[in-house]
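Raw input_36.txt, compact mmCIF, C-alpha atoms:
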```txt
# COMPACT_ATOMS: atom_id res chain seq x y z
CA MET A 175 -69.26 -135.48 76.96
CA PRO A 176 -69.05 -135.96 80.77
CA ASP A 177 -65.71 -134.96 82.29
CA ARG A 178 -65.29 -138.45 83.74
CA PRO A 179 -66.81 -141.90 83.20
CA TYR A 180 -69.73 -143.25 85.18
CA THR A 181 -67.72 -145.14 87.80
CA ILE A 182 -68.67 -148.37 89.56
CA LEU A 183 -66.46 -149.56 92.40
CA SER A 184 -66.83 -153.33 92.81
CA CYS A 185 -65.36 -155.29 95.69
CA SER A 186 -65.80 -158.53 97.63
CA VAL A 187 -65.04 -158.41 101.34
CA SER A 188 -65.11 -160.69 104.35
CA ILE A 189 -67.49 -159.97 107.20
CA ASP A 190 -64.63 -158.18 108.97
CA GLY A 191 -63.79 -156.04 105.93
CA TYR A 192 -60.78 -157.77 104.38
CA ILE A 193 -60.27 -158.37 100.65
CA ALA A 194 -57.50 -160.97 100.88
CA GLY A 195 -55.27 -162.85 103.26
CA ALA A 196 -51.96 -161.43 104.42
CA ALA A 197 -49.96 -163.75 102.17
CA SER A 198 -52.42 -165.00 99.58
CA ARG A 199 -55.45 -164.20 97.50
CA LEU A 200 -58.86 -165.28 98.83
CA LEU A 201 -61.81 -166.28 96.66
CA LEU A 202 -64.54 -164.56 98.63
CA SER A 203 -67.31 -164.65 96.02
CA ASN A 204 -69.36 -167.63 94.86
CA GLU A 205 -70.38 -168.62 91.31
CA ALA A 206 -73.56 -166.55 91.38
CA ASP A 207 -71.62 -163.43 92.32
CA PHE A 208 -68.85 -164.17 89.81
CA ASP A 209 -71.52 -164.29 87.10
CA ARG A 210 -72.99 -161.00 88.29
CA VAL A 211 -69.56 -159.37 88.18
CA ASP A 212 -69.06 -160.80 84.71
CA ALA A 213 -72.26 -159.11 83.55
CA VAL A 214 -71.13 -155.78 85.00
CA ARG A 215 -67.75 -156.15 83.30
CA ALA A 216 -69.45 -156.80 79.98
CA SER A 217 -71.47 -153.59 80.37
CA CYS A 218 -68.39 -151.41 80.91
CA ASP A 219 -65.90 -149.76 78.59
CA ALA A 220 -62.90 -150.20 80.90
CA ILE A 221 -61.80 -152.07 84.04
CA LEU A 222 -59.22 -150.56 86.37
CA VAL A 223 -57.01 -152.24 88.97
CA GLY A 224 -53.92 -151.06 90.80
CA ALA A 225 -50.41 -152.26 90.04
CA ALA A 226 -50.28 -154.31 93.26
CA THR A 227 -53.34 -156.24 92.10
CA VAL A 228 -51.65 -156.93 88.76
CA ARG A 229 -48.52 -158.19 90.52
CA ILE A 230 -50.14 -160.21 93.30
CA ASP A 231 -53.39 -161.53 91.80
CA ASN A 232 -52.31 -161.67 88.13
CA PRO A 233 -55.90 -161.02 86.95
CA ARG A 234 -56.97 -161.64 83.36
CA LEU A 235 -59.84 -159.11 83.62
CA LEU A 236 -61.78 -160.77 80.80
CA VAL A 237 -65.50 -161.27 80.26
CA ARG A 238 -66.00 -164.99 80.94
CA SER A 239 -69.38 -165.62 79.32
CA GLN A 240 -69.19 -166.55 75.64
CA ALA A 241 -72.64 -165.06 75.06
CA ARG A 242 -71.57 -161.74 76.59
CA ARG A 243 -68.34 -161.71 74.59
CA ASP A 244 -70.26 -162.38 71.39
CA ALA A 245 -72.77 -159.64 72.23
CA ARG A 246 -69.94 -157.14 72.64
CA ALA A 247 -68.35 -158.24 69.37
CA ALA A 248 -71.70 -157.85 67.58
CA ARG A 249 -71.71 -154.21 68.75
CA GLY A 250 -68.27 -153.69 67.23
CA LEU A 251 -66.49 -153.79 70.59
CA ALA A 252 -63.56 -155.81 71.85
CA ARG A 253 -64.79 -158.98 73.52
CA SER A 254 -63.65 -157.65 76.89
CA PRO A 255 -63.34 -154.04 78.11
CA MET A 256 -60.17 -151.98 78.01
CA LYS A 257 -57.79 -152.88 80.85
CA VAL A 258 -56.33 -150.02 82.89
CA THR A 259 -53.77 -149.94 85.67
CA VAL A 260 -51.95 -147.22 87.56
CA THR A 261 -48.40 -147.36 88.89
CA ARG A 262 -45.96 -145.12 90.70
CA ARG A 263 -42.84 -147.23 90.07
CA GLY A 264 -43.68 -148.88 86.74
CA ALA A 265 -42.52 -152.24 88.12
CA LEU A 266 -44.86 -154.46 86.12
CA ASP A 267 -44.11 -157.67 84.23
CA ALA A 268 -45.05 -157.52 80.53
CA ARG A 269 -45.75 -161.27 80.73
CA ALA A 270 -48.55 -160.82 83.29
CA ASP A 271 -52.04 -161.93 82.25
CA PHE A 272 -53.17 -158.30 82.41
CA PHE A 273 -51.03 -157.67 79.31
CA THR A 274 -51.21 -161.00 77.48
CA ALA A 275 -54.78 -162.28 77.90
CA GLY A 276 -57.52 -161.19 75.51
CA ASP A 277 -57.77 -158.64 72.72
CA ALA A 278 -58.66 -155.53 74.72
CA GLU A 279 -56.66 -152.32 74.69
CA ARG A 280 -54.35 -151.92 77.71
CA ILE A 281 -53.39 -148.60 79.30
CA VAL A 282 -50.86 -147.98 82.07
CA TYR A 283 -50.94 -144.61 83.87
CA CYS A 284 -47.46 -144.04 85.27
CA ALA A 285 -45.90 -141.33 87.43
CA SER A 286 -43.61 -139.08 85.37
CA PRO A 287 -40.25 -140.09 86.93
CA ARG A 288 -40.68 -143.71 85.77
CA VAL A 289 -42.44 -143.23 82.43
CA ALA A 290 -39.33 -143.83 80.31
CA ASP A 291 -38.58 -147.09 82.11
CA ALA A 292 -42.21 -148.19 81.90
CA ARG A 293 -42.37 -147.50 78.17
CA LYS A 294 -39.19 -149.49 77.62
CA ARG A 295 -40.61 -152.46 79.54
CA LEU A 296 -44.29 -152.26 78.62
CA GLY A 297 -44.43 -150.30 75.38
CA PRO A 298 -44.89 -153.40 73.17
CA VAL A 299 -47.93 -154.59 75.18
CA ALA A 300 -49.65 -151.41 76.42
CA THR A 301 -50.04 -147.67 76.02
CA VAL A 302 -48.05 -146.00 78.79
CA VAL A 303 -49.46 -142.57 79.74
CA ASP A 304 -47.47 -139.95 81.63
CA ALA A 305 -49.85 -139.19 84.50
CA GLY A 306 -47.80 -136.46 86.22
CA GLU A 307 -45.48 -136.38 89.19
CA THR A 308 -48.17 -137.93 91.37
CA VAL A 309 -50.93 -139.93 89.72
CA LYS A 310 -54.32 -138.47 90.58
CA MET A 311 -57.44 -140.51 89.94
CA ARG A 312 -59.38 -137.46 88.80
CA THR A 313 -56.75 -136.73 86.13
CA LEU A 314 -56.82 -140.38 85.09
CA SER A 315 -60.63 -140.35 84.93
CA THR A 316 -60.66 -137.22 82.78
CA ASP A 317 -58.17 -138.80 80.39
CA LEU A 318 -60.24 -141.99 80.13
CA ALA A 319 -63.33 -139.94 79.30
CA ALA A 320 -61.39 -138.22 76.52
CA ARG A 321 -60.53 -141.69 75.18
CA GLY A 322 -64.21 -142.55 74.91
CA VAL A 323 -64.66 -144.45 78.18
CA GLU A 324 -68.18 -143.75 79.39
CA ARG A 325 -68.50 -146.53 81.96
CA LEU A 326 -65.59 -147.53 84.22
CA MET A 327 -65.41 -150.47 86.63
CA VAL A 328 -62.86 -150.18 89.45
CA GLU A 329 -61.87 -153.55 90.94
CA GLY A 330 -59.08 -152.80 93.41
CA GLY A 331 -57.06 -152.96 95.46
CA GLU A 332 -57.26 -151.05 98.72
CA SER A 333 -55.10 -148.08 97.67
CA VAL A 334 -57.07 -147.57 94.46
CA HIS A 335 -60.39 -147.96 96.29
CA THR A 336 -59.30 -145.37 98.85
CA GLN A 337 -58.18 -142.86 96.25
CA PHE A 338 -61.33 -143.10 94.15
CA LEU A 339 -63.59 -142.82 97.18
CA THR A 340 -61.75 -140.01 98.97
CA GLU A 341 -61.61 -138.01 95.72
CA ASP A 342 -65.41 -138.46 95.41
CA LEU A 343 -65.15 -140.12 91.99
CA VAL A 344 -67.43 -143.11 92.55
CA ASP A 345 -71.05 -143.07 91.38
CA GLU A 346 -71.97 -146.56 92.52
CA LEU A 347 -70.49 -148.96 95.07
CA GLN A 348 -71.17 -152.68 94.69
CA LEU A 349 -69.99 -154.44 97.84
CA ALA A 350 -70.31 -158.23 98.07
CA VAL A 351 -70.00 -159.52 101.64
CA ALA A 352 -68.82 -163.11 102.02
CA PRO A 353 -69.71 -165.17 105.12
CA VAL A 354 -66.14 -165.55 106.37
CA PHE A 355 -63.74 -163.82 108.74
CA VAL A 356 -60.07 -163.19 107.98
CA GLY A 357 -59.00 -161.84 111.36
CA ASP A 358 -55.50 -160.77 110.38
CA SER A 359 -54.48 -157.13 110.81
CA GLU A 360 -51.64 -157.67 108.31
CA ALA A 361 -54.10 -158.50 105.52
CA PRO A 362 -55.39 -155.84 103.08
CA ARG A 363 -58.75 -154.28 103.85
CA PHE A 364 -61.36 -152.76 101.57
CA VAL A 365 -59.92 -149.27 102.10
CA ARG A 366 -57.06 -147.57 103.94
CA ASP A 367 -57.31 -144.60 106.26
CA GLY A 368 -58.67 -141.48 104.59
CA ARG A 369 -61.16 -138.62 104.68
CA PHE A 370 -64.24 -140.01 102.96
CA PRO A 371 -67.20 -137.88 101.81
CA TRP A 372 -69.63 -140.29 103.51
CA ASN A 373 -69.71 -140.10 107.28
CA PRO A 374 -72.24 -139.82 110.10
CA GLY A 375 -73.23 -136.41 108.70
CA ARG A 376 -73.56 -137.63 105.12
CA ARG A 377 -74.70 -141.22 104.93
CA ALA A 378 -74.35 -143.19 101.69
CA ALA A 379 -77.65 -144.17 100.08
CA LEU A 380 -78.30 -147.92 100.12
CA VAL A 381 -80.37 -148.64 97.00
CA ASP A 382 -80.46 -152.44 96.79
CA VAL A 383 -79.70 -155.61 98.72
CA GLN A 384 -79.46 -158.98 96.99
CA LYS A 385 -78.89 -162.47 98.38
CA LEU A 386 -76.65 -164.45 96.02
CA GLY A 387 -76.35 -167.86 97.65
CA ASP A 388 -74.30 -167.27 100.78
CA VAL A 389 -73.07 -163.83 99.61
CA VAL A 390 -74.92 -160.54 100.16
CA LEU A 391 -74.61 -157.77 97.58
CA LEU A 392 -75.01 -154.21 98.85
CA ARG A 393 -75.44 -151.46 96.23
CA TYR A 394 -74.90 -147.84 97.25
CA ALA A 395 -75.57 -144.70 95.24
CA LEU A 396 -72.63 -142.39 95.90
CA SER A 397 -73.50 -139.57 93.52
CA SER A 398 -76.44 -137.90 91.83
CA ARG A 399 -75.37 -139.67 88.62
CA PHE A 400 -76.34 -143.08 89.99
CA GLN A 401 -77.98 -145.28 87.34
CA ASP A 402 -80.37 -147.98 88.58
CA GLY A 403 -80.08 -150.86 86.14
```
In structure tokens, what does this structure look like?
Amino acid sequence: MPDRPYTILSCSVSIDGYIAGAASRLLLSNEADFDRVDAVRASCDAILVGAATVRIDNPRLLVRSQARRDARAARGLARSPMKVTVTRRGALDARADFFTAGDAERIVYCASPRVADARKRLGPVATVVDAGETVKMRTLSTDLAARGVERLMVEGGESVHTQFLTEDLVDELQLAVAPVFVGDSEAPRFVRDGRFPWNPGRRAALVDVQKLGDVVLLRYALSSRFQDG
């Protein structure tokens, strides 16, 4: 068994690299790209987002296509992948769609000092895992592999993206670029500051470019484990 899942980082960004507005969520993708993301979700064992994404965007993280849900069920799987989030403070609402929508298993990786509080609040709706004093994405990935997760989709936000990339845990980056500008330095970007493995001395490998209506999908292979297909 691999020591971590095959990891796909999926993100939609504006031309100037933002993933949302300063005060609100932005729908940067179009229907063709939403359907593509839905297909990737259906192919994965788990989807991971950060706690801020759960609080701000209130995502359901479900496979939308009935045909894809039925295909998963026919394979003996939940109709949507496991939902995973990571939190330092444990300040999540058990009524959020992350916890209430769909039949998938839900896991919350929480920093040790707040595990007791998180279990009290979220125990009825999720498995709360003590992830150590400081949650490390490599530790989280190893634990997910031990739980049978072979294919992980990471969907945000900027802190989670940064941690997965700087820890060199991403095998494939799927970056959808929308034809808009945000132009607000207070808005969240794709990543925060960090020391990334890809730089002018080690360029990421661009393996595919697709035009999806007015959105462009860029696919990068970020490890030797990259799977084309």
Residues of region 177-276 of chain A within 9 Å of region 307-312 of chain A: nearest atom pair and distance (Å, one decimal) for each, counting all atoms listed in the file, sorted by chain and number, as JSON lines?
```
{"residue": "A:Arg178", "atom": "CA", "partner": "A:Arg312", "partner_atom": "CA", "distance": 7.8}
{"residue": "A:Val260", "atom": "CA", "partner": "A:Val309", "partner_atom": "CA", "distance": 7.7}
{"residue": "A:Thr261", "atom": "CA", "partner": "A:Val309", "partner_atom": "CA", "distance": 7.9}
{"residue": "A:Arg262", "atom": "CA", "partner": "A:Val309", "partner_atom": "CA", "distance": 7.3}
```
Serialized selection, C-alpha atoms, as a PDB file, keeping the file's coordinate frame:
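Saved to again-v1.pdb:
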```pdb
ATOM      1  CA  ARG A 178     -65.290-138.450  83.740  1.00  0.00           C
ATOM      2  CA  VAL A 260     -51.950-147.220  87.560  1.00  0.00           C
ATOM      3  CA  THR A 261     -48.400-147.360  88.890  1.00  0.00           C
ATOM      4  CA  ARG A 262     -45.960-145.120  90.700  1.00  0.00           C
TER       5      ARG A 262
END
```
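Taking only C-alpha atoms into account, Leu314 (chain A) lies nearest to A:Leu222 out of the set A:Ile230, A:Leu396, A:Ala270, A:Leu222.
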Exercise. Which residues, written as JSON, numbers by chain, have at least one atom at most 10 Å from Asp267 (chain A), with all atoms listed in the file counted and residues fewer than 4 positions away on the same chain left out?
Worked result: {"A": [228, 229, 232, 271, 272, 273, 292, 295, 296]}
Now that the selection is made, can you save its residues with C-alpha atoms as a short mmCIF file (atom, residue, chain, number, x, y, z; two decimals), keeping the file's coordinate frame?
```
data_model
loop_
_atom_site.label_atom_id
_atom_site.label_comp_id
_atom_site.auth_asym_id
_atom_site.auth_seq_id
_atom_site.Cartn_x
_atom_site.Cartn_y
_atom_site.Cartn_z
CA VAL A 228 -51.65 -156.93 88.76
CA ARG A 229 -48.52 -158.19 90.52
CA ASN A 232 -52.31 -161.67 88.13
CA ASP A 271 -52.04 -161.93 82.25
CA PHE A 272 -53.17 -158.30 82.41
CA PHE A 273 -51.03 -157.67 79.31
CA ALA A 292 -42.21 -148.19 81.90
CA ARG A 295 -40.61 -152.46 79.54
CA LEU A 296 -44.29 -152.26 78.62
#
```
For this session: To one decimal in Å, tell me the separation between CA of Leu349 (chain A) and CA of Asp212 (chain A).
Result: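 Those two atoms sit 14.6 Å apart.
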For this session: Give me, please, the distance in Å between CA of Asp231 (chain A) and CA of Gly264 (chain A), quoted to one decimal.
Result: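 Interatomic distance, CA of Asp231 (chain A) to CA of Gly264 (chain A): 16.7 Å.
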Exercise. Using all atoms listed in the file, which residues sit within 10 Å of Asp342 (chain A) once same-chain residues fewer than 3 positions away are excluded, as a PyMOL selection string?
Worked result: chain A and resi 311-312+336-339+345+370-372+396-397
Exercise. Which value, in Å to one decimal, gives the distance between CA of Ala378 (chain A) and CA of Tyr394 (chain A)?
Worked result: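 Going from CA of Ala378 (chain A) over to CA of Tyr394 (chain A), I get 6.5 Å.
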Exercise. Which is closer to Val237 (chain A) than all the others in A:Ala278, A:Ala197, A:Val258, A:Ile182, using only C-alpha atoms?
Worked result: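 Ranked by minimum distance to Val237 (chain A), first place goes to A:Ala278.
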With 5 Å added on each side, what axis-aligned box encloses every listed atom of region 308-323 of chain A? Give the centre and edge lengths in Å to one decimal, as JSON.
```
{"center_x": -56.4, "center_y": -140.6, "center_z": 83.1, "size_x": 26.5, "size_y": 17.7, "size_z": 26.5}
```
Problem set entry | Nearest candidate to Ser333 (chain A) (options A:Gln240, A:Ser254, A:Thr227, A:Ser359; using all atoms listed in the file) |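 Looking at the shortest contact to Ser333 (chain A), the residue is A:Thr227.
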Exercise. Which is closest to Gly322 (chain A) among A:Ala268, A:Leu236, A:Cys218, A:Ala241, if we use all atoms listed in the file?
Worked result: A:Cys218
Residue completion, region 196-232 of chain A, N, CA and C atoms, as a CSV table (one decimal), in the coordinates of the input:
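Generated file (rebuild.csv):
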```csv
chain,number,residue,atom,x,y,z
A,196,ALA,N,-53.2,-162.2,104.3
A,196,ALA,CA,-52.0,-161.4,104.4
A,196,ALA,C,-50.9,-161.9,103.4
A,197,ALA,N,-51.0,-163.2,103.1
A,197,ALA,CA,-50.0,-163.8,102.2
A,197,ALA,C,-50.5,-164.4,100.9
A,198,SER,N,-51.8,-164.3,100.7
A,198,SER,CA,-52.4,-165.0,99.6
A,198,SER,C,-53.8,-164.4,99.2
A,199,ARG,N,-54.2,-164.6,98.0
A,199,ARG,CA,-55.4,-164.2,97.5
A,199,ARG,C,-56.5,-165.1,98.1
A,200,LEU,N,-57.7,-164.5,98.3
A,200,LEU,CA,-58.9,-165.3,98.8
A,200,LEU,C,-60.0,-165.2,97.8
A,201,LEU,N,-60.6,-166.3,97.5
A,201,LEU,CA,-61.8,-166.3,96.7
A,201,LEU,C,-63.0,-166.1,97.6
A,202,LEU,N,-63.5,-164.9,97.7
A,202,LEU,CA,-64.5,-164.6,98.6
A,202,LEU,C,-65.9,-164.7,98.0
A,203,SER,N,-66.0,-164.6,96.7
A,203,SER,CA,-67.3,-164.6,96.0
A,203,SER,C,-67.7,-166.1,95.7
A,204,ASN,N,-68.9,-166.3,95.3
A,204,ASN,CA,-69.4,-167.6,94.9
A,204,ASN,C,-69.7,-167.5,93.4
A,205,GLU,N,-70.1,-168.6,92.8
A,205,GLU,CA,-70.4,-168.6,91.3
A,205,GLU,C,-71.5,-167.6,90.9
A,206,ALA,N,-72.5,-167.5,91.7
A,206,ALA,CA,-73.6,-166.6,91.4
A,206,ALA,C,-73.0,-165.1,91.4
A,207,ASP,N,-72.2,-164.8,92.3
A,207,ASP,CA,-71.6,-163.4,92.3
A,207,ASP,C,-70.6,-163.2,91.2
A,208,PHE,N,-69.8,-164.3,90.9
A,208,PHE,CA,-68.8,-164.2,89.8
A,208,PHE,C,-69.6,-163.9,88.5
A,209,ASP,N,-70.7,-164.5,88.3
A,209,ASP,CA,-71.5,-164.3,87.1
A,209,ASP,C,-72.1,-162.9,87.1
A,210,ARG,N,-72.5,-162.4,88.2
A,210,ARG,CA,-73.0,-161.0,88.3
A,210,ARG,C,-71.9,-160.0,87.9
A,211,VAL,N,-70.7,-160.2,88.5
A,211,VAL,CA,-69.6,-159.4,88.2
A,211,VAL,C,-69.2,-159.4,86.7
A,212,ASP,N,-69.3,-160.6,86.1
A,212,ASP,CA,-69.1,-160.8,84.7
A,212,ASP,C,-70.0,-160.0,83.9
A,213,ALA,N,-71.3,-159.9,84.3
A,213,ALA,CA,-72.3,-159.1,83.6
A,213,ALA,C,-71.9,-157.6,83.7
A,214,VAL,N,-71.5,-157.2,84.8
A,214,VAL,CA,-71.1,-155.8,85.0
A,214,VAL,C,-69.9,-155.5,84.1
A,215,ARG,N,-68.9,-156.3,84.2
A,215,ARG,CA,-67.8,-156.2,83.3
A,215,ARG,C,-68.2,-156.0,81.8
A,216,ALA,N,-69.0,-156.8,81.4
A,216,ALA,CA,-69.4,-156.8,80.0
A,216,ALA,C,-70.2,-155.5,79.6
A,217,SER,N,-70.7,-154.8,80.6
A,217,SER,CA,-71.5,-153.6,80.4
A,217,SER,C,-70.6,-152.4,80.4
A,218,CYS,N,-69.3,-152.5,80.7
A,218,CYS,CA,-68.4,-151.4,80.9
A,218,CYS,C,-67.4,-151.2,79.7
A,219,ASP,N,-66.9,-150.1,79.6
A,219,ASP,CA,-65.9,-149.8,78.6
A,219,ASP,C,-64.5,-150.0,79.1
A,220,ALA,N,-64.2,-150.0,80.4
A,220,ALA,CA,-62.9,-150.2,80.9
A,220,ALA,C,-63.0,-150.7,82.3
A,221,ILE,N,-62.0,-151.5,82.7
A,221,ILE,CA,-61.8,-152.1,84.0
A,221,ILE,C,-60.5,-151.6,84.6
A,222,LEU,N,-60.4,-151.1,85.8
A,222,LEU,CA,-59.2,-150.6,86.4
A,222,LEU,C,-58.8,-151.3,87.6
A,223,VAL,N,-57.6,-151.7,87.7
A,223,VAL,CA,-57.0,-152.2,89.0
A,223,VAL,C,-55.7,-151.6,89.2
A,224,GLY,N,-55.2,-151.6,90.5
A,224,GLY,CA,-53.9,-151.1,90.8
A,224,GLY,C,-52.8,-152.0,90.4
A,225,ALA,N,-51.6,-151.5,90.4
A,225,ALA,CA,-50.4,-152.3,90.0
A,225,ALA,C,-50.2,-153.4,91.0
A,226,ALA,N,-50.5,-153.2,92.3
A,226,ALA,CA,-50.3,-154.3,93.3
A,226,ALA,C,-51.2,-155.5,92.9
A,227,THR,N,-52.4,-155.2,92.5
A,227,THR,CA,-53.3,-156.2,92.1
A,227,THR,C,-52.8,-157.0,90.9
A,228,VAL,N,-52.2,-156.3,89.9
A,228,VAL,CA,-51.6,-156.9,88.8
A,228,VAL,C,-50.5,-157.9,89.2
A,229,ARG,N,-49.7,-157.4,90.1
A,229,ARG,CA,-48.5,-158.2,90.5
A,229,ARG,C,-48.9,-159.4,91.4
A,230,ILE,N,-49.8,-159.2,92.3
A,230,ILE,CA,-50.1,-160.2,93.3
A,230,ILE,C,-51.2,-161.2,92.8
A,231,ASP,N,-52.3,-160.7,92.2
A,231,ASP,CA,-53.4,-161.5,91.8
A,231,ASP,C,-53.3,-162.0,90.4
A,232,ASN,N,-52.5,-161.3,89.5
A,232,ASN,CA,-52.3,-161.7,88.1
A,232,ASN,C,-53.7,-161.8,87.4
```
